[in-house]
Amino acid sequence: MALDVNAKREMRAARLVQVGKPLEKADIPIPEIGPSDVLIRVAAAGICHSDAHYRAGISKIDRLPLTLGHEVAGRVEEVGGDVTHLSAGDRVCVHYLVSCGSCEFCLRGLEQFCRSGQMIGKHRDGGYAEFIQVPGANAFPLPDEIPFEVGAIMMCSSATVLHALNKARFEAGESIAIFGFGGLGFSALQLARAFDCGDVYVVEINPAKLASAANMGAIAIDARSADPVEQINEATAGRGVDVALELIGSARTMRQTVLCLGALGRAALVGLTAESMSIHPYTELINKEVEIIGVSDHLATEFPALIEFVRSGKLQFPPETLRVVDLDAVQINAALDALQDSIDHVRTVIVPWK
Ligand SMILES: [Zn+2]
Ligand SMILES: [Zn+2]
């Protein structure tokens with residue numbers, strides 16, 4: 001469906017105008033596209049914890065006003081002349097890191113370190129709008145089997161967890177401990193299965209999350225009842241796990257993530273914290289040749305596998321885990337407020353067009 005050229009080229013958006021204040025509704029021009037860009041009619045935009053941090057000023061935004069939203073799926077509306085892999089009407093999901101494509105990192109497929117990289121919905125306008133303009137290279141075909149809502153949310157937390165498993169060189173048959181069972185953990189458990197993992201331990205303190213992990217077939221480790229490292233050691237007859245993921249962002253659980261590893265184990269740290277972590281190099285690291293690996297974002301090259309895991313049903317987001325709101329500043333602000341203290345797996349997605 002093409003835009004009516006006679007119609008006023010304006011669209012609705014929900015924008016951050018002032019840090020620390022609610023998002024505001026705005027009518028702004030529909031972005032113009034360059035030869036390497038596509039214009040996407042947004043079908044779904046996920047509301048993420050990072051968005052709450054941008055609004056609150058916890059993560060710094062340097063240009064205002066800004067349309068938030070980095071978890072985006074929709075249909076291609078217009079295609080720049082140089083974009084050959086997409087046509088108008090195609091279903092797509094969006095990689096949120098816009099990179100130059102020509103620096104030393106981009107050339108090696110490591111675009112998260114691009115010197116002039118920009119994050120959609122942080123450094124440039126995002127998907128809390130009727131349309132979004134992105135480089136064609138950032139738009140990935142979304143199979144018909146994947147609903148737009150899922151296509152949007154999988155491009156953030158699920159992609160990052162997949163990157164963590166890849167960074168940890170996670171292999172079929174290996175055991176894994178997942179520290180934290182929020183949105184990241186929910187994807188991590190399913191993706192570990194998709195890799196044909198061995199035993200999965202989920203470490204949590206929240207009873208509802210522990211029950212949910214156990215329901216999904218994990219071995220639930222209640223960190224309130226005893227030291228989780230001791231519990232994992234006991235459960236593995238002193239062997240420890242092959243891989244551990246830290247998805248919480250606390251120095252204490254980061255240390256536990258390292259300590260529960262067996263020989264040659266890999267700890268992938270995803271959660272963010274400003275605290276320091278202490279490790280005894282000889283007994284806790286060198287002796288076992290364990291590795292501590294930092295994980296930041298994810299890569300374009302990882303999306304084909306991620307999309308296939310979702311298409312084939314190995315990674316699922318059941319309808320009860322998704323809630324839909326309109327492109328309405330009041331509803332979006334309420335969803336951002338609720339994110340602050342959410343303990344469930346429910347994700348809220350903006351659907352601009354009814
Ligand atoms: Zn996100
Ligand atoms: Zn670059």
# chains A, B, ... in the order shown; residues from 1 in each chain; ligands from 1
call {"tool": "residues_near_ligand", "arguments": {"ligand": "ligand 1", "cutoff": "12 Å", "atoms": "only C-alpha atoms and all ligand atoms", "output": "ChimeraX atom specification"}}
result
/A:45-54,68-72,94-97,119-122,126-127,152-161,183-184,297-298,339,347-349
call {"tool": "write_last_selection", "arguments": {"atoms": "C-alpha atoms", "output": "short mmCIF file (atom, residue, chain, number, x, y, z; two decimals), in the first residue's frame"}}
result
data_model
loop_
_atom_site.label_atom_id
_atom_site.label_comp_id
_atom_site.auth_asym_id
_atom_site.auth_seq_id
_atom_site.Cartn_x
_atom_site.Cartn_y
_atom_site.Cartn_z
CA ALA A 45 7.48 -1.73 18.46
CA GLY A 46 8.56 -3.32 21.73
CA ILE A 47 8.73 -1.29 24.92
CA CYS A 48 12.04 -2.17 26.59
CA HIS A 49 13.69 -1.58 29.96
CA SER A 50 16.30 0.56 28.18
CA ASP A 51 13.52 2.90 27.06
CA ALA A 52 12.52 3.43 30.69
CA HIS A 53 16.20 4.21 31.42
CA TYR A 54 16.35 6.77 28.57
CA LEU A 68 12.26 6.02 21.23
CA GLY A 69 11.88 2.38 20.20
CA HIS A 70 14.64 -0.02 19.11
CA GLU A 71 12.58 -3.24 18.83
CA VAL A 72 10.80 -2.82 15.52
CA VAL A 94 15.06 -4.32 12.34
CA HIS A 95 18.64 -4.69 13.63
CA TYR A 96 18.95 -1.73 16.01
CA LEU A 97 22.66 -1.03 15.48
CA MET A 119 21.55 2.83 18.12
CA ILE A 120 18.03 3.21 16.75
CA GLY A 121 15.75 4.81 19.33
CA LYS A 122 18.71 6.31 21.18
CA GLY A 126 13.11 4.83 16.63
CA GLY A 127 9.90 2.90 16.20
CA ALA A 152 9.89 -6.84 17.21
CA ILE A 153 10.79 -8.13 20.66
CA MET A 154 13.11 -10.94 19.52
CA MET A 155 15.50 -8.32 18.07
CA CYS A 156 16.68 -7.16 21.52
CA SER A 157 16.84 -9.53 24.49
CA SER A 158 16.65 -12.81 22.52
CA ALA A 159 19.33 -11.62 20.10
CA THR A 160 21.62 -10.62 22.97
CA VAL A 161 21.17 -13.96 24.72
CA GLY A 183 12.97 -11.61 29.73
CA LEU A 184 16.58 -12.57 28.93
CA ASP A 297 24.56 -6.39 22.07
CA HIS A 298 24.58 -8.80 19.13
CA LEU A 339 8.36 -1.99 33.55
CA ARG A 347 6.33 -7.78 27.12
CA THR A 348 4.39 -4.75 25.93
CA VAL A 349 4.31 -3.97 22.23
#
call {"tool": "residues_around", "arguments": {"residues": "range 240-256 of chain A", "least_positions_apart": "4", "cutoff": "7 Å", "atoms": "only C-alpha atoms", "output": "VMD selection string"}}
result
chain A and resid 168 170 174 to 180 184 to 185 229 232 to 233 236 260 to 262 265 to 273 275 to 277
call {"tool": "write_last_selection", "arguments": {"atoms": "N, CA and C atoms", "output": "compact mmCIF listing (two decimals), in the first residue's frame"}}
result
# COMPACT_ATOMS: atom_id res chain seq x y z
N ALA A 168 30.10 -17.59 24.39
CA ALA A 168 30.54 -18.63 25.33
C ALA A 168 30.87 -19.93 24.61
N PHE A 170 28.97 -22.07 23.29
CA PHE A 170 28.10 -23.10 23.87
C PHE A 170 27.84 -24.20 22.84
N GLU A 174 26.31 -29.60 26.41
CA GLU A 174 26.91 -28.91 27.55
C GLU A 174 25.84 -28.48 28.56
N SER A 175 26.25 -28.44 29.82
CA SER A 175 25.34 -27.96 30.86
C SER A 175 25.48 -26.44 30.99
N ILE A 176 24.42 -25.83 31.52
CA ILE A 176 24.42 -24.37 31.60
C ILE A 176 23.66 -23.92 32.85
N ALA A 177 24.18 -22.85 33.47
CA ALA A 177 23.47 -22.22 34.59
C ALA A 177 23.05 -20.83 34.15
N ILE A 178 21.78 -20.51 34.30
CA ILE A 178 21.24 -19.21 33.91
C ILE A 178 20.89 -18.45 35.18
N PHE A 179 21.60 -17.35 35.42
CA PHE A 179 21.35 -16.54 36.61
C PHE A 179 20.38 -15.42 36.23
N GLY A 180 19.15 -15.52 36.68
CA GLY A 180 18.12 -14.52 36.38
C GLY A 180 17.15 -15.05 35.35
N LEU A 184 15.38 -11.95 29.51
CA LEU A 184 16.58 -12.57 28.93
C LEU A 184 16.62 -14.06 29.25
N GLY A 185 16.36 -14.40 30.51
CA GLY A 185 16.42 -15.80 30.93
C GLY A 185 15.39 -16.67 30.22
N VAL A 229 25.93 -21.63 44.36
CA VAL A 229 27.13 -22.32 43.87
C VAL A 229 27.22 -23.71 44.52
N ILE A 232 24.59 -25.99 42.96
CA ILE A 232 24.96 -26.48 41.62
C ILE A 232 26.07 -27.52 41.73
N ASN A 233 27.03 -27.27 42.63
CA ASN A 233 28.11 -28.24 42.84
C ASN A 233 27.57 -29.59 43.27
N THR A 236 25.77 -31.38 40.47
CA THR A 236 26.64 -31.88 39.39
C THR A 236 27.75 -32.79 39.96
N CYS A 260 30.53 -21.31 39.78
CA CYS A 260 29.78 -22.55 39.53
C CYS A 260 30.31 -23.29 38.30
N LEU A 261 31.35 -22.75 37.66
CA LEU A 261 31.89 -23.39 36.46
C LEU A 261 32.79 -24.57 36.81
N GLY A 262 32.78 -25.57 35.95
CA GLY A 262 33.75 -26.64 36.05
C GLY A 262 35.00 -26.30 35.26
N GLY A 265 35.28 -24.07 31.99
CA GLY A 265 33.96 -23.44 31.89
C GLY A 265 34.06 -22.01 31.41
N ARG A 266 32.94 -21.50 30.87
CA ARG A 266 32.89 -20.11 30.37
C ARG A 266 31.72 -19.37 31.02
N ALA A 267 32.03 -18.22 31.61
CA ALA A 267 30.99 -17.38 32.20
C ALA A 267 30.76 -16.19 31.27
N ALA A 268 29.55 -16.03 30.78
CA ALA A 268 29.22 -14.89 29.90
C ALA A 268 28.41 -13.89 30.72
N LEU A 269 28.93 -12.68 30.82
CA LEU A 269 28.30 -11.65 31.64
C LEU A 269 27.52 -10.68 30.76
N VAL A 270 26.20 -10.64 30.97
CA VAL A 270 25.32 -9.81 30.15
C VAL A 270 24.75 -8.65 30.97
N GLY A 271 24.44 -8.91 32.24
CA GLY A 271 23.84 -7.88 33.10
C GLY A 271 24.82 -6.73 33.32
N LEU A 272 24.28 -5.54 33.57
CA LEU A 272 25.13 -4.36 33.74
C LEU A 272 25.18 -3.95 35.21
N THR A 273 26.38 -3.62 35.65
CA THR A 273 26.53 -3.07 36.99
C THR A 273 27.78 -2.21 37.04
N GLU A 275 29.36 -2.02 39.94
CA GLU A 275 30.12 -2.61 41.05
C GLU A 275 31.34 -3.37 40.53
N SER A 276 32.31 -3.60 41.42
CA SER A 276 33.46 -4.44 41.08
C SER A 276 33.20 -5.86 41.53
N MET A 277 33.82 -6.80 40.82
CA MET A 277 33.70 -8.21 41.16
C MET A 277 35.07 -8.69 41.59
call {"tool": "residues_near_ligand", "arguments": {"ligand": "ligand 2", "cutoff": "12 Å", "atoms": "only C-alpha atoms and all ligand atoms", "output": "ChimeraX atom specification"}}
result
/A:97-118
call {"tool": "select_by_dssp", "arguments": {"residues": "range 180-261 of chain A", "states": "strand (DSSP E or B)", "output": "ChimeraX atom specification"}}
result
/A:200-204,219-222,241-246,261
call {"tool": "write_last_selection", "arguments": {"atoms": "all heavy atoms", "output": "short mmCIF file (atom, residue, chain, number, x, y, z; two decimals), in the first residue's frame"}}
result
data_model
loop_
_atom_site.label_atom_id
_atom_site.label_comp_id
_atom_site.auth_asym_id
_atom_site.auth_seq_id
_atom_site.Cartn_x
_atom_site.Cartn_y
_atom_site.Cartn_z
N VAL A 200 20.01 -27.83 32.43
CA VAL A 200 19.91 -26.37 32.58
C VAL A 200 19.52 -26.05 34.01
O VAL A 200 18.50 -26.55 34.51
CB VAL A 200 18.83 -25.77 31.65
CG1 VAL A 200 18.84 -24.25 31.74
CG2 VAL A 200 19.02 -26.22 30.22
N TYR A 201 20.32 -25.22 34.67
CA TYR A 201 20.00 -24.74 36.02
C TYR A 201 19.57 -23.29 35.91
O TYR A 201 20.25 -22.50 35.26
CB TYR A 201 21.23 -24.86 36.93
CG TYR A 201 21.74 -26.28 37.04
CD1 TYR A 201 22.66 -26.78 36.11
CD2 TYR A 201 21.28 -27.13 38.03
CE1 TYR A 201 23.10 -28.09 36.18
CE2 TYR A 201 21.71 -28.45 38.11
CZ TYR A 201 22.62 -28.93 37.17
OH TYR A 201 23.05 -30.23 37.23
N VAL A 202 18.46 -22.95 36.53
CA VAL A 202 18.03 -21.55 36.56
C VAL A 202 18.10 -21.07 38.01
O VAL A 202 17.45 -21.65 38.89
CB VAL A 202 16.61 -21.38 35.99
CG1 VAL A 202 16.08 -19.98 36.30
CG2 VAL A 202 16.61 -21.60 34.48
N VAL A 203 18.90 -20.05 38.24
CA VAL A 203 19.08 -19.50 39.59
C VAL A 203 18.22 -18.25 39.74
O VAL A 203 18.32 -17.32 38.93
CB VAL A 203 20.57 -19.14 39.83
CG1 VAL A 203 20.75 -18.59 41.24
CG2 VAL A 203 21.46 -20.35 39.59
N GLU A 204 17.39 -18.24 40.74
CA GLU A 204 16.45 -17.14 40.97
C GLU A 204 16.15 -17.02 42.46
O GLU A 204 16.42 -17.95 43.22
CB GLU A 204 15.13 -17.41 40.22
CG GLU A 204 14.91 -16.58 38.96
CD GLU A 204 14.84 -15.08 39.20
OE1 GLU A 204 14.58 -14.66 40.34
OE2 GLU A 204 15.07 -14.32 38.25
N ILE A 219 16.18 -27.08 35.97
CA ILE A 219 16.39 -27.42 37.37
C ILE A 219 16.44 -26.09 38.12
O ILE A 219 17.35 -25.29 37.91
CB ILE A 219 17.69 -28.22 37.56
CG1 ILE A 219 17.63 -29.51 36.73
CG2 ILE A 219 17.95 -28.49 39.04
CD1 ILE A 219 18.99 -30.14 36.46
N ALA A 220 15.40 -25.83 38.92
CA ALA A 220 15.29 -24.53 39.59
C ALA A 220 16.18 -24.51 40.82
O ALA A 220 16.14 -25.42 41.65
CB ALA A 220 13.84 -24.27 39.97
N ILE A 221 17.01 -23.48 40.92
CA ILE A 221 17.91 -23.31 42.07
C ILE A 221 17.45 -22.07 42.83
O ILE A 221 17.57 -20.94 42.33
CB ILE A 221 19.38 -23.11 41.61
CG1 ILE A 221 19.87 -24.31 40.78
CG2 ILE A 221 20.29 -22.83 42.79
CD1 ILE A 221 20.17 -25.56 41.55
N ASP A 222 16.93 -22.29 44.03
CA ASP A 222 16.41 -21.18 44.83
C ASP A 222 17.57 -20.58 45.63
O ASP A 222 18.04 -21.17 46.60
CB ASP A 222 15.31 -21.71 45.76
CG ASP A 222 14.65 -20.60 46.54
OD1 ASP A 222 15.18 -19.46 46.52
OD2 ASP A 222 13.60 -20.85 47.16
N VAL A 241 29.30 -26.49 36.04
CA VAL A 241 28.66 -26.43 34.72
C VAL A 241 29.66 -25.97 33.66
O VAL A 241 30.70 -25.41 33.97
CB VAL A 241 27.44 -25.48 34.72
CG1 VAL A 241 26.29 -26.06 35.54
CG2 VAL A 241 27.81 -24.09 35.21
N ASP A 242 29.31 -26.22 32.42
CA ASP A 242 30.19 -25.83 31.30
C ASP A 242 30.08 -24.34 30.99
O ASP A 242 31.07 -23.69 30.68
CB ASP A 242 29.82 -26.63 30.05
CG ASP A 242 30.02 -28.13 30.25
OD1 ASP A 242 31.15 -28.50 30.64
OD2 ASP A 242 29.08 -28.90 30.05
N VAL A 243 28.86 -23.83 31.04
CA VAL A 243 28.63 -22.42 30.71
C VAL A 243 27.68 -21.82 31.74
O VAL A 243 26.75 -22.49 32.21
CB VAL A 243 28.05 -22.27 29.28
CG1 VAL A 243 27.47 -20.88 29.05
CG2 VAL A 243 29.13 -22.56 28.23
N ALA A 244 27.92 -20.56 32.12
CA ALA A 244 27.00 -19.86 33.01
C ALA A 244 26.74 -18.47 32.44
O ALA A 244 27.67 -17.82 31.95
CB ALA A 244 27.58 -19.77 34.41
N LEU A 245 25.48 -18.06 32.47
CA LEU A 245 25.10 -16.73 31.97
C LEU A 245 24.66 -15.87 33.14
O LEU A 245 23.80 -16.28 33.93
CB LEU A 245 23.92 -16.83 30.99
CG LEU A 245 24.05 -17.69 29.74
CD1 LEU A 245 22.78 -17.54 28.89
CD2 LEU A 245 25.27 -17.28 28.93
N GLU A 246 25.20 -14.65 33.23
CA GLU A 246 24.75 -13.71 34.25
C GLU A 246 23.86 -12.69 33.57
O GLU A 246 24.32 -11.91 32.73
CB GLU A 246 25.96 -13.03 34.93
CG GLU A 246 25.66 -12.56 36.34
CD GLU A 246 24.86 -11.27 36.44
OE1 GLU A 246 24.72 -10.56 35.41
OE2 GLU A 246 24.39 -10.94 37.55
N LEU A 261 31.35 -22.75 37.66
CA LEU A 261 31.89 -23.39 36.46
C LEU A 261 32.79 -24.57 36.81
O LEU A 261 33.51 -24.54 37.81
CB LEU A 261 32.74 -22.39 35.65
CG LEU A 261 32.02 -21.18 35.08
CD1 LEU A 261 33.05 -20.22 34.47
CD2 LEU A 261 30.99 -21.59 34.04
#
call {"tool": "closest_residue", "arguments": {"among": "A:Ala300, A:Ala218, A:Val42, A:Ala213", "to": "Asp199 in chain A", "atoms": "only C-alpha atoms"}}
result
A:Ala218
call {"tool": "closest_residue", "arguments": {"among": "A:Ser312, A:Asn333, A:Ser36, A:Thr301", "to": "Gly20 in chain A", "atoms": "only C-alpha atoms"}}
result
A:Asn333
call {"tool": "atom_distance", "arguments": {"atom1": "CA of Ala223 in chain A", "atom2": "CA of Ser59 in chain A"}}
result
29.5 Å
call {"tool": "residues_around", "arguments": {"residues": "Glu145 in chain A", "least_positions_apart": "5", "cutoff": "10 Å", "atoms": "only C-alpha atoms", "output": "PyMOL selection string"}}
result
chain A and resi 151+310-313
call {"tool": "residues_around", "arguments": {"residues": "Phe195 in chain A", "least_positions_apart": "4", "cutoff": "8 Å", "atoms": "only C-alpha atoms", "output": "ChimeraX atom specification"}}
result
/A:170-172,191
call {"tool": "write_last_selection", "arguments": {"atoms": "C-alpha atoms", "output": "PDB file, in the first residue's frame"}}
result
ATOM      1  CA  PHE A 170      28.101 -23.098  23.868  1.00  0.00           C
ATOM      2  CA  GLU A 171      27.887 -26.572  22.358  1.00  0.00           C
ATOM      3  CA  ALA A 172      25.370 -29.402  22.171  1.00  0.00           C
ATOM      4  CA  LEU A 191      17.780 -21.082  23.075  1.00  0.00           C
TER       5      LEU A 191
END
call {"tool": "residues_around", "arguments": {"residues": "Pro29 in chain A", "least_positions_apart": "5", "cutoff": "8 Å", "atoms": "only C-alpha atoms", "output": "list in words"}}
result
Arg9, Glu10 and Met11 of chain A
call {"tool": "write_last_selection", "arguments": {"atoms": "N, CA, C and O atoms", "output": "PDB file, in the first residue's frame"}}
result
ATOM      1  N   ARG A   9       2.507  14.581   4.359  1.00  0.00           N
ATOM      2  CA  ARG A   9       3.447  13.545   4.784  1.00  0.00           C
ATOM      3  C   ARG A   9       3.835  13.746   6.243  1.00  0.00           C
ATOM      4  O   ARG A   9       4.965  14.088   6.566  1.00  0.00           O
ATOM      5  N   GLU A  10       2.850  13.520   7.097  1.00  0.00           N
ATOM      6  CA  GLU A  10       3.114  13.600   8.533  1.00  0.00           C
ATOM      7  C   GLU A  10       2.683  12.299   9.181  1.00  0.00           C
ATOM      8  O   GLU A  10       1.868  11.561   8.627  1.00  0.00           O
ATOM      9  N   MET A  11       3.270  12.042  10.311  1.00  0.00           N
ATOM     10  CA  MET A  11       2.910  10.812  11.022  1.00  0.00           C
ATOM     11  C   MET A  11       2.838  11.085  12.519  1.00  0.00           C
ATOM     12  O   MET A  11       3.373  12.068  13.017  1.00  0.00           O
TER      13      MET A  11
END
call {"tool": "atom_distance", "arguments": {"atom1": "CA of Ala14 in chain A", "atom2": "CA of Lys354 in chain A"}}
result
16.5 Å
call {"tool": "closest_residue", "arguments": {"among": "A:Leu189, A:Leu39, A:Ile279, A:Ala13", "to": "Leu86 in chain A", "atoms": "only C-alpha atoms"}}
result
A:Leu39
call {"tool": "residues_around", "arguments": {"residues": "Ala194 in chain A", "least_positions_apart": "3", "cutoff": "8 Å", "atoms": "only C-alpha atoms", "output": "count of residues only"}}
result
6
call {"tool": "closest_residue", "arguments": {"among": "A:Pro65, A:Leu299, A:Lys21, A:Pro135", "to": "Thr84 in chain A", "atoms": "only C-alpha atoms"}}
result
A:Pro135
call {"tool": "decode", "arguments": {"residues": "range 151-168 of chain A", "atoms": "N, CA, C and O atoms", "output": "CSV table (one decimal), in the first residue's frame"}}
result
chain,number,residue,atom,x,y,z
A,151,GLY,N,8.4,-10.6,16.1
A,151,GLY,CA,9.5,-10.1,15.3
A,151,GLY,C,10.1,-8.9,15.9
A,151,GLY,O,11.3,-8.7,15.7
A,152,ALA,N,9.3,-8.0,16.6
A,152,ALA,CA,9.9,-6.8,17.2
A,152,ALA,C,10.7,-7.2,18.4
A,152,ALA,O,11.9,-6.8,18.6
A,153,ILE,N,10.1,-7.9,19.4
A,153,ILE,CA,10.8,-8.1,20.7
A,153,ILE,C,12.0,-9.1,20.6
A,153,ILE,O,12.9,-9.0,21.4
A,154,MET,N,12.0,-10.0,19.6
A,154,MET,CA,13.1,-10.9,19.5
A,154,MET,C,14.4,-10.2,19.1
A,154,MET,O,15.5,-10.8,19.3
A,155,MET,N,14.3,-9.0,18.6
A,155,MET,CA,15.5,-8.3,18.1
A,155,MET,C,16.3,-7.6,19.2
A,155,MET,O,17.3,-7.0,18.9
A,156,CYS,N,15.9,-7.8,20.4
A,156,CYS,CA,16.7,-7.2,21.5
A,156,CYS,C,17.2,-8.2,22.5
A,156,CYS,O,18.3,-8.7,22.3
A,157,SER,N,16.3,-8.6,23.4
A,157,SER,CA,16.8,-9.5,24.5
A,157,SER,C,17.2,-10.9,23.9
A,157,SER,O,18.2,-11.5,24.3
A,158,SER,N,16.4,-11.5,23.0
A,158,SER,CA,16.7,-12.8,22.5
A,158,SER,C,17.9,-12.8,21.7
A,158,SER,O,18.8,-13.7,21.8
A,159,ALA,N,18.1,-11.7,20.9
A,159,ALA,CA,19.3,-11.6,20.1
A,159,ALA,C,20.6,-11.5,21.0
A,159,ALA,O,21.6,-12.1,20.7
A,160,THR,N,20.5,-10.8,22.1
A,160,THR,CA,21.6,-10.6,23.0
A,160,THR,C,22.0,-11.9,23.7
A,160,THR,O,23.1,-12.3,23.9
A,161,VAL,N,20.9,-12.7,24.1
A,161,VAL,CA,21.2,-14.0,24.7
A,161,VAL,C,21.8,-15.0,23.7
A,161,VAL,O,22.7,-15.7,24.1
A,162,LEU,N,21.3,-14.9,22.5
A,162,LEU,CA,22.0,-15.8,21.5
A,162,LEU,C,23.4,-15.4,21.3
A,162,LEU,O,24.3,-16.3,21.2
A,163,HIS,N,23.7,-14.1,21.3
A,163,HIS,CA,25.1,-13.6,21.2
A,163,HIS,C,25.9,-14.1,22.4
A,163,HIS,O,27.1,-14.6,22.2
A,164,ALA,N,25.3,-14.1,23.6
A,164,ALA,CA,26.0,-14.6,24.8
A,164,ALA,C,26.4,-16.1,24.6
A,164,ALA,O,27.5,-16.5,25.0
A,165,LEU,N,25.4,-16.9,24.1
A,165,LEU,CA,25.7,-18.3,23.9
A,165,LEU,C,26.8,-18.5,22.9
A,165,LEU,O,27.7,-19.4,23.0
A,166,ASN,N,26.8,-17.7,21.8
A,166,ASN,CA,27.8,-17.8,20.8
A,166,ASN,C,29.2,-17.4,21.4
A,166,ASN,O,30.2,-18.0,21.1
A,167,LYS,N,29.2,-16.3,22.2
A,167,LYS,CA,30.4,-15.8,22.7
A,167,LYS,C,31.0,-16.9,23.7
A,167,LYS,O,32.2,-17.0,23.8
A,168,ALA,N,30.1,-17.6,24.4
A,168,ALA,CA,30.5,-18.6,25.3
A,168,ALA,C,30.9,-19.9,24.6
A,168,ALA,O,31.2,-20.9,25.2
